[in-house]
Structures are given as C-alpha cells and as structure tokens.
Amino acid sequence: SYEFQLTSGGNTITETIVEDGVQMLSTYSDDNGELIIKHYCVLGTEPIFKVDTLSKKAISIKLDKAKSNLHAEHESFVTDMKWTMNSKDSMTFENTVMLDGEPTDNTAILERVY
C-alpha cells in the first residue's frame, strides 16, 4: 500500500509504503528547483534520487550517484523507479533493485482505494 501526505508546511511530500508487511518511507522535496527524493529502505540503505524523465503520464527517477554513496558489491539498494499513469485510478510502478550485486526488475499495478 502507498499513502502520500503533505508535511512541513507543504514543503515536503511523504510517501509511506507497506510492502509484504514492512513499512518504508520516501520524501519528495525541492532543492533549488530540483526535485530530490530520499528513500528509507527496508534494505537498510537510504538512496537519494533525481528526476530522469518526466512526461504528462510518467515520471522516472534514478540514483543520484553524487549524493548517494552506495556500492553494489557490498550493499543492496534501489537504483531507479518509474510511475506511469494508466488511468485516474491506476498506475504502473517499476523499479530496479541491486541485490547481492545483481539487478532485479520489479513491476506492480497500483490502484486507488476509496
């Protein structure tokens, strides 16, 4: 499940993610006109992302290597994420995770719950 909320006087969006019963958190904020995403992961890492591509229907983000000091040889972490709107109530989420030095691709369909 995913839940989004505005916090810090509207300056930051928090995303609470519950995946397989484990809670994670991502924050979305502005840094001098650039969207910065920080992900506090169940893998014990905290990758920082920047926008890779943006369109009316999709946004993809990639690891900001200048701000994230993560190494695939000895750490597991998310390297990129993409959200694509399918309809007003559905989106496709894709990500790649480095697990034990190997990339693992994941896809999920997210649907709005009223």
# chains A, B, ... in the order shown; residues from 1 in each chain; ligands from 1
$ residues_around --residues "segment 22-25 of chain A" --least-positions-apart "5" --cutoff "8 Å" --atoms "only C-alpha atoms" --output "list in words"
Thr14, Glu15, Thr16, Ile17, His39, Tyr40, Cys41 and Val42 of chain A
$ residues_around --residues "segment 45-55 of chain A" --least-positions-apart "6" --cutoff "7 Å" --atoms "only C-alpha atoms" --output "list of chain:residue names"
A:Leu35, A:Ile36, A:Ile37, A:Lys38, A:His39, A:Ile61, A:Lys62, A:Leu63, A:Asp64, A:Lys67, A:Ser68, A:Phe77, A:Val78
$ write_last_selection --atoms "N, CA, C and O atoms" --output "PDB file, in the first residue's frame"
ATOM      1  N   LEU A  35      13.750  18.461  -7.965  1.00  0.00           N
ATOM      2  CA  LEU A  35      13.057  17.505  -7.119  1.00  0.00           C
ATOM      3  C   LEU A  35      14.066  16.495  -6.587  1.00  0.00           C
ATOM      4  O   LEU A  35      14.790  15.860  -7.348  1.00  0.00           O
ATOM      5  N   ILE A  36      14.118  16.354  -5.264  1.00  0.00           N
ATOM      6  CA  ILE A  36      15.009  15.409  -4.605  1.00  0.00           C
ATOM      7  C   ILE A  36      14.152  14.375  -3.886  1.00  0.00           C
ATOM      8  O   ILE A  36      13.240  14.719  -3.140  1.00  0.00           O
ATOM      9  N   ILE A  37      14.451  13.102  -4.117  1.00  0.00           N
ATOM     10  CA  ILE A  37      13.706  12.012  -3.498  1.00  0.00           C
ATOM     11  C   ILE A  37      14.665  11.211  -2.633  1.00  0.00           C
ATOM     12  O   ILE A  37      15.711  10.771  -3.109  1.00  0.00           O
ATOM     13  N   LYS A  38      14.309  11.039  -1.359  1.00  0.00           N
ATOM     14  CA  LYS A  38      15.100  10.211  -0.443  1.00  0.00           C
ATOM     15  C   LYS A  38      14.240   9.019  -0.045  1.00  0.00           C
ATOM     16  O   LYS A  38      13.085   9.178   0.321  1.00  0.00           O
ATOM     17  N   HIS A  39      14.826   7.838  -0.123  1.00  0.00           N
ATOM     18  CA  HIS A  39      14.096   6.605   0.159  1.00  0.00           C
ATOM     19  C   HIS A  39      14.749   5.891   1.346  1.00  0.00           C
ATOM     20  O   HIS A  39      15.937   5.584   1.307  1.00  0.00           O
ATOM     21  N   ILE A  61      12.798   8.193 -12.016  1.00  0.00           N
ATOM     22  CA  ILE A  61      13.882   8.757 -11.229  1.00  0.00           C
ATOM     23  C   ILE A  61      15.031   7.755 -11.211  1.00  0.00           C
ATOM     24  O   ILE A  61      14.827   6.557 -11.406  1.00  0.00           O
ATOM     25  N   LYS A  62      16.235   8.278 -11.036  1.00  0.00           N
ATOM     26  CA  LYS A  62      17.397   7.404 -10.982  1.00  0.00           C
ATOM     27  C   LYS A  62      18.277   7.820  -9.813  1.00  0.00           C
ATOM     28  O   LYS A  62      18.204   8.957  -9.328  1.00  0.00           O
ATOM     29  N   LEU A  63      19.090   6.888  -9.382  1.00  0.00           N
ATOM     30  CA  LEU A  63      20.004   7.122  -8.278  1.00  0.00           C
ATOM     31  C   LEU A  63      20.892   8.316  -8.589  1.00  0.00           C
ATOM     32  O   LEU A  63      21.469   8.409  -9.674  1.00  0.00           O
ATOM     33  N   ASP A  64      20.986   9.248  -7.647  1.00  0.00           N
ATOM     34  CA  ASP A  64      21.893  10.386  -7.776  1.00  0.00           C
ATOM     35  C   ASP A  64      23.223   9.950  -7.163  1.00  0.00           C
ATOM     36  O   ASP A  64      23.409   9.986  -5.948  1.00  0.00           O
ATOM     37  N   LYS A  67      25.098  12.115  -4.690  1.00  0.00           N
ATOM     38  CA  LYS A  67      24.563  12.290  -3.334  1.00  0.00           C
ATOM     39  C   LYS A  67      24.389  10.971  -2.586  1.00  0.00           C
ATOM     40  O   LYS A  67      24.098  10.977  -1.398  1.00  0.00           O
ATOM     41  N   SER A  68      24.526   9.839  -3.292  1.00  0.00           N
ATOM     42  CA  SER A  68      24.359   8.519  -2.680  1.00  0.00           C
ATOM     43  C   SER A  68      25.682   7.770  -2.772  1.00  0.00           C
ATOM     44  O   SER A  68      26.190   7.539  -3.865  1.00  0.00           O
ATOM     45  N   PHE A  77      20.313  -1.967  -2.802  1.00  0.00           N
ATOM     46  CA  PHE A  77      19.603  -0.688  -2.839  1.00  0.00           C
ATOM     47  C   PHE A  77      18.809  -0.549  -4.127  1.00  0.00           C
ATOM     48  O   PHE A  77      19.075  -1.218  -5.123  1.00  0.00           O
ATOM     49  N   VAL A  78      17.822   0.343  -4.102  1.00  0.00           N
ATOM     50  CA  VAL A  78      17.021   0.673  -5.279  1.00  0.00           C
ATOM     51  C   VAL A  78      17.851   1.602  -6.163  1.00  0.00           C
ATOM     52  O   VAL A  78      18.460   2.555  -5.674  1.00  0.00           O
TER      53      VAL A  78
END
$ atom_distance --atom1 "atom CA of Leu99 of chain A" --atom2 "atom CA of Lys82 of chain A"
18.4 Å
$ atom_distance --atom1 "atom CA of Leu70 of chain A" --atom2 "atom CA of Glu102 of chain A"
13.8 Å
$ residues_around --residues "Thr7 of chain A" --least-positions-apart "5" --cutoff "12 Å" --atoms "only C-alpha atoms" --output "PDB file with N, CA, C and O atoms, in the first residue's frame"
ATOM      1  N   THR A  12       7.213  19.391   1.823  1.00  0.00           N
ATOM      2  CA  THR A  12       7.676  18.021   1.580  1.00  0.00           C
ATOM      3  C   THR A  12       6.474  17.093   1.458  1.00  0.00           C
ATOM      4  O   THR A  12       5.498  17.235   2.178  1.00  0.00           O
ATOM      5  N   ILE A  13       6.574  16.165   0.535  1.00  0.00           N
ATOM      6  CA  ILE A  13       5.596  15.087   0.415  1.00  0.00           C
ATOM      7  C   ILE A  13       6.235  13.848   1.014  1.00  0.00           C
ATOM      8  O   ILE A  13       7.386  13.519   0.691  1.00  0.00           O
ATOM      9  N   THR A  14       5.502  13.174   1.895  1.00  0.00           N
ATOM     10  CA  THR A  14       5.983  11.892   2.405  1.00  0.00           C
ATOM     11  C   THR A  14       5.158  10.781   1.765  1.00  0.00           C
ATOM     12  O   THR A  14       3.953  10.928   1.554  1.00  0.00           O
ATOM     13  N   GLU A  15       5.830   9.707   1.458  1.00  0.00           N
ATOM     14  CA  GLU A  15       5.196   8.527   0.879  1.00  0.00           C
ATOM     15  C   GLU A  15       5.487   7.369   1.832  1.00  0.00           C
ATOM     16  O   GLU A  15       6.636   6.989   2.019  1.00  0.00           O
ATOM     17  N   THR A  27      10.695  10.588   0.851  1.00  0.00           N
ATOM     18  CA  THR A  27      10.355  12.007   0.928  1.00  0.00           C
ATOM     19  C   THR A  27      10.658  12.660  -0.415  1.00  0.00           C
ATOM     20  O   THR A  27      11.614  12.290  -1.099  1.00  0.00           O
ATOM     21  N   TYR A  28       9.802  13.601  -0.781  1.00  0.00           N
ATOM     22  CA  TYR A  28       9.931  14.348  -2.026  1.00  0.00           C
ATOM     23  C   TYR A  28       9.989  15.821  -1.657  1.00  0.00           C
ATOM     24  O   TYR A  28       9.069  16.339  -1.021  1.00  0.00           O
ATOM     25  N   SER A  29      11.064  16.496  -2.031  1.00  0.00           N
ATOM     26  CA  SER A  29      11.209  17.912  -1.681  1.00  0.00           C
ATOM     27  C   SER A  29      11.978  18.661  -2.764  1.00  0.00           C
ATOM     28  O   SER A  29      12.602  18.058  -3.641  1.00  0.00           O
TER      29      SER A  29
END
$ closest_residue --among "A:Ser26, A:Asp80, A:Leu43, A:Asn95" --to "Gln5 of chain A" --atoms "only C-alpha atoms"
A:Ser26
$ select_by_dssp --residues "chain A" --states "strand (DSSP E or B)" --output "short mmCIF file (atom, residue, chain, number, x, y, z; two decimals) with N, CA and C atoms, in the first residue's frame"
data_model
loop_
_atom_site.label_atom_id
_atom_site.label_comp_id
_atom_site.auth_asym_id
_atom_site.auth_seq_id
_atom_site.Cartn_x
_atom_site.Cartn_y
_atom_site.Cartn_z
N TYR A 2 0.34 2.31 -0.52
CA TYR A 2 1.04 3.59 -0.60
C TYR A 2 0.13 4.66 -0.03
N GLU A 3 0.70 5.56 0.75
CA GLU A 3 -0.05 6.70 1.27
C GLU A 3 0.83 7.93 1.16
N PHE A 4 0.28 8.98 0.54
CA PHE A 4 1.01 10.23 0.36
C PHE A 4 0.42 11.30 1.25
N GLN A 5 1.29 12.14 1.84
CA GLN A 5 0.84 13.25 2.68
C GLN A 5 1.77 14.44 2.51
N LEU A 6 1.19 15.64 2.61
CA LEU A 6 1.99 16.85 2.67
C LEU A 6 2.42 17.07 4.11
N THR A 7 3.65 17.51 4.30
CA THR A 7 4.16 17.80 5.64
C THR A 7 5.06 19.03 5.57
N THR A 12 7.21 19.39 1.82
CA THR A 12 7.68 18.02 1.58
C THR A 12 6.47 17.09 1.46
N ILE A 13 6.57 16.17 0.53
CA ILE A 13 5.60 15.09 0.41
C ILE A 13 6.23 13.85 1.01
N THR A 14 5.50 13.17 1.90
CA THR A 14 5.98 11.89 2.40
C THR A 14 5.16 10.78 1.76
N GLU A 15 5.83 9.71 1.46
CA GLU A 15 5.20 8.53 0.88
C GLU A 15 5.49 7.37 1.83
N THR A 16 4.45 6.84 2.45
CA THR A 16 4.60 5.68 3.31
C THR A 16 4.23 4.45 2.48
N ILE A 17 5.14 3.50 2.44
CA ILE A 17 4.97 2.30 1.63
C ILE A 17 4.95 1.11 2.57
N VAL A 18 3.97 0.24 2.42
CA VAL A 18 3.95 -1.02 3.16
C VAL A 18 4.01 -2.13 2.12
N GLU A 19 5.09 -2.88 2.14
CA GLU A 19 5.33 -3.93 1.17
C GLU A 19 5.61 -5.23 1.92
N VAL A 22 6.09 -4.78 5.62
CA VAL A 22 7.22 -3.96 6.08
C VAL A 22 7.01 -2.53 5.61
N GLN A 23 7.16 -1.57 6.53
CA GLN A 23 6.94 -0.16 6.22
C GLN A 23 8.25 0.51 5.81
N MET A 24 8.16 1.33 4.76
CA MET A 24 9.28 2.15 4.29
C MET A 24 8.76 3.57 4.09
N LEU A 25 9.68 4.52 3.91
CA LEU A 25 9.31 5.92 3.76
C LEU A 25 10.15 6.55 2.65
N SER A 26 9.51 7.38 1.84
CA SER A 26 10.23 8.22 0.88
C SER A 26 9.78 9.65 1.09
N THR A 27 10.70 10.59 0.85
CA THR A 27 10.36 12.01 0.93
C THR A 27 10.66 12.66 -0.42
N TYR A 28 9.80 13.60 -0.78
CA TYR A 28 9.93 14.35 -2.03
C TYR A 28 9.99 15.82 -1.66
N SER A 29 11.06 16.50 -2.03
CA SER A 29 11.21 17.91 -1.68
C SER A 29 11.98 18.66 -2.76
N ASP A 30 11.92 19.96 -2.67
CA ASP A 30 12.57 20.85 -3.64
C ASP A 30 13.93 21.28 -3.12
N ASP A 31 14.93 21.22 -3.98
CA ASP A 31 16.27 21.73 -3.66
C ASP A 31 16.69 22.66 -4.78
N GLU A 34 15.06 21.72 -8.03
CA GLU A 34 15.26 20.32 -8.42
C GLU A 34 14.53 19.42 -7.44
N LEU A 35 13.75 18.46 -7.97
CA LEU A 35 13.06 17.51 -7.12
C LEU A 35 14.07 16.50 -6.59
N ILE A 36 14.12 16.35 -5.26
CA ILE A 36 15.01 15.41 -4.60
C ILE A 36 14.15 14.38 -3.89
N ILE A 37 14.45 13.10 -4.12
CA ILE A 37 13.71 12.01 -3.50
C ILE A 37 14.66 11.21 -2.63
N LYS A 38 14.31 11.04 -1.36
CA LYS A 38 15.10 10.21 -0.44
C LYS A 38 14.24 9.02 -0.05
N HIS A 39 14.83 7.84 -0.12
CA HIS A 39 14.10 6.60 0.16
C HIS A 39 14.75 5.89 1.35
N TYR A 40 13.96 5.67 2.38
CA TYR A 40 14.44 4.98 3.59
C TYR A 40 13.96 3.54 3.46
N ILE A 48 19.37 8.34 -2.61
CA ILE A 48 18.83 9.65 -2.99
C ILE A 48 18.72 9.66 -4.51
N PHE A 49 17.57 10.12 -5.01
CA PHE A 49 17.27 10.08 -6.44
C PHE A 49 17.06 11.48 -7.00
N LYS A 50 17.20 11.55 -8.32
CA LYS A 50 16.85 12.76 -9.06
C LYS A 50 15.99 12.35 -10.24
N VAL A 51 15.25 13.30 -10.79
CA VAL A 51 14.37 13.02 -11.92
C VAL A 51 15.21 12.67 -13.14
N ASP A 52 14.83 11.58 -13.81
CA ASP A 52 15.49 11.15 -15.03
C ASP A 52 14.68 11.61 -16.23
N THR A 53 13.38 11.22 -16.28
CA THR A 53 12.49 11.67 -17.35
C THR A 53 11.14 12.04 -16.76
N LEU A 54 10.45 12.95 -17.43
CA LEU A 54 9.15 13.43 -16.96
C LEU A 54 8.27 13.71 -18.17
N ALA A 58 4.07 9.99 -17.11
CA ALA A 58 5.08 9.18 -16.41
C ALA A 58 6.19 10.04 -15.83
N ILE A 59 6.77 9.53 -14.75
CA ILE A 59 7.98 10.11 -14.18
C ILE A 59 8.92 8.96 -13.83
N SER A 60 10.17 9.13 -14.17
CA SER A 60 11.16 8.14 -13.76
C SER A 60 12.28 8.87 -13.02
N ILE A 61 12.80 8.19 -12.02
CA ILE A 61 13.88 8.76 -11.23
C ILE A 61 15.03 7.75 -11.21
N LYS A 62 16.23 8.28 -11.04
CA LYS A 62 17.40 7.40 -10.98
C LYS A 62 18.28 7.82 -9.81
N LEU A 63 19.09 6.89 -9.38
CA LEU A 63 20.00 7.12 -8.28
C LEU A 63 20.89 8.32 -8.59
N PHE A 77 20.31 -1.97 -2.80
CA PHE A 77 19.60 -0.69 -2.84
C PHE A 77 18.81 -0.55 -4.13
N VAL A 78 17.82 0.34 -4.10
CA VAL A 78 17.02 0.67 -5.28
C VAL A 78 17.85 1.60 -6.16
N THR A 79 17.88 1.32 -7.48
CA THR A 79 18.65 2.16 -8.40
C THR A 79 17.79 3.10 -9.23
N ASP A 80 16.53 2.71 -9.48
CA ASP A 80 15.64 3.58 -10.24
C ASP A 80 14.20 3.18 -10.00
N MET A 81 13.30 4.12 -10.26
CA MET A 81 11.86 3.88 -10.12
C MET A 81 11.13 4.64 -11.22
N LYS A 82 10.00 4.11 -11.62
CA LYS A 82 9.16 4.77 -12.64
C LYS A 82 7.71 4.53 -12.32
N TRP A 83 6.90 5.60 -12.44
CA TRP A 83 5.46 5.54 -12.27
C TRP A 83 4.83 5.97 -13.58
N THR A 84 3.90 5.17 -14.10
CA THR A 84 3.19 5.50 -15.33
C THR A 84 1.70 5.46 -15.05
N MET A 85 1.01 6.57 -15.31
CA MET A 85 -0.44 6.63 -15.09
C MET A 85 -1.15 5.83 -16.18
N ASN A 86 -1.99 4.90 -15.74
CA ASN A 86 -2.81 4.11 -16.67
C ASN A 86 -4.19 4.74 -16.82
N SER A 87 -4.70 5.28 -15.71
CA SER A 87 -6.00 5.96 -15.66
C SER A 87 -5.97 6.84 -14.41
N SER A 90 -5.36 4.28 -11.55
CA SER A 90 -4.41 3.18 -11.66
C SER A 90 -3.08 3.66 -12.23
N MET A 91 -1.99 3.11 -11.71
CA MET A 91 -0.67 3.39 -12.26
C MET A 91 0.20 2.14 -12.20
N THR A 92 1.18 2.10 -13.07
CA THR A 92 2.16 1.03 -13.06
C THR A 92 3.43 1.55 -12.41
N PHE A 93 3.94 0.78 -11.45
CA PHE A 93 5.18 1.13 -10.76
C PHE A 93 6.24 0.11 -11.15
N GLU A 94 7.39 0.61 -11.56
CA GLU A 94 8.52 -0.26 -11.91
C GLU A 94 9.75 0.21 -11.14
N ASN A 95 10.60 -0.74 -10.73
CA ASN A 95 11.86 -0.35 -10.14
C ASN A 95 12.91 -1.42 -10.39
N THR A 96 14.15 -1.02 -10.18
CA THR A 96 15.27 -1.95 -10.24
C THR A 96 15.98 -1.87 -8.90
N VAL A 97 16.27 -3.03 -8.34
CA VAL A 97 16.95 -3.13 -7.06
C VAL A 97 18.22 -3.93 -7.26
N MET A 98 19.33 -3.42 -6.74
CA MET A 98 20.57 -4.18 -6.73
C MET A 98 20.54 -5.08 -5.51
N LEU A 99 20.51 -6.39 -5.73
CA LEU A 99 20.52 -7.38 -4.65
C LEU A 99 21.74 -8.27 -4.83
N GLU A 102 23.49 -7.94 -8.14
CA GLU A 102 22.75 -8.24 -9.37
C GLU A 102 21.47 -7.39 -9.45
N PRO A 103 21.17 -6.79 -10.62
CA PRO A 103 19.93 -6.02 -10.75
C PRO A 103 18.71 -6.93 -10.80
N THR A 104 17.66 -6.54 -10.09
CA THR A 104 16.39 -7.25 -10.07
C THR A 104 15.30 -6.27 -10.47
N ASP A 105 14.57 -6.57 -11.54
CA ASP A 105 13.50 -5.69 -12.02
C ASP A 105 12.17 -6.13 -11.43
N ASN A 106 11.37 -5.14 -11.01
CA ASN A 106 10.08 -5.39 -10.36
C ASN A 106 9.02 -4.50 -10.99
N THR A 107 7.78 -5.01 -11.06
CA THR A 107 6.65 -4.25 -11.59
C THR A 107 5.42 -4.53 -10.74
N ALA A 108 4.63 -3.47 -10.49
CA ALA A 108 3.37 -3.64 -9.76
C ALA A 108 2.34 -2.67 -10.35
N ILE A 109 1.09 -3.06 -10.30
CA ILE A 109 -0.02 -2.18 -10.67
C ILE A 109 -0.61 -1.64 -9.37
N LEU A 110 -0.66 -0.33 -9.25
CA LEU A 110 -1.22 0.33 -8.06
C LEU A 110 -2.59 0.88 -8.42
N GLU A 111 -3.59 0.58 -7.57
CA GLU A 111 -4.94 1.07 -7.80
C GLU A 111 -5.43 1.85 -6.61
#
$ atom_distance --atom1 "atom CA of His71 of chain A" --atom2 "atom CA of Gly44 of chain A"
13.0 Å
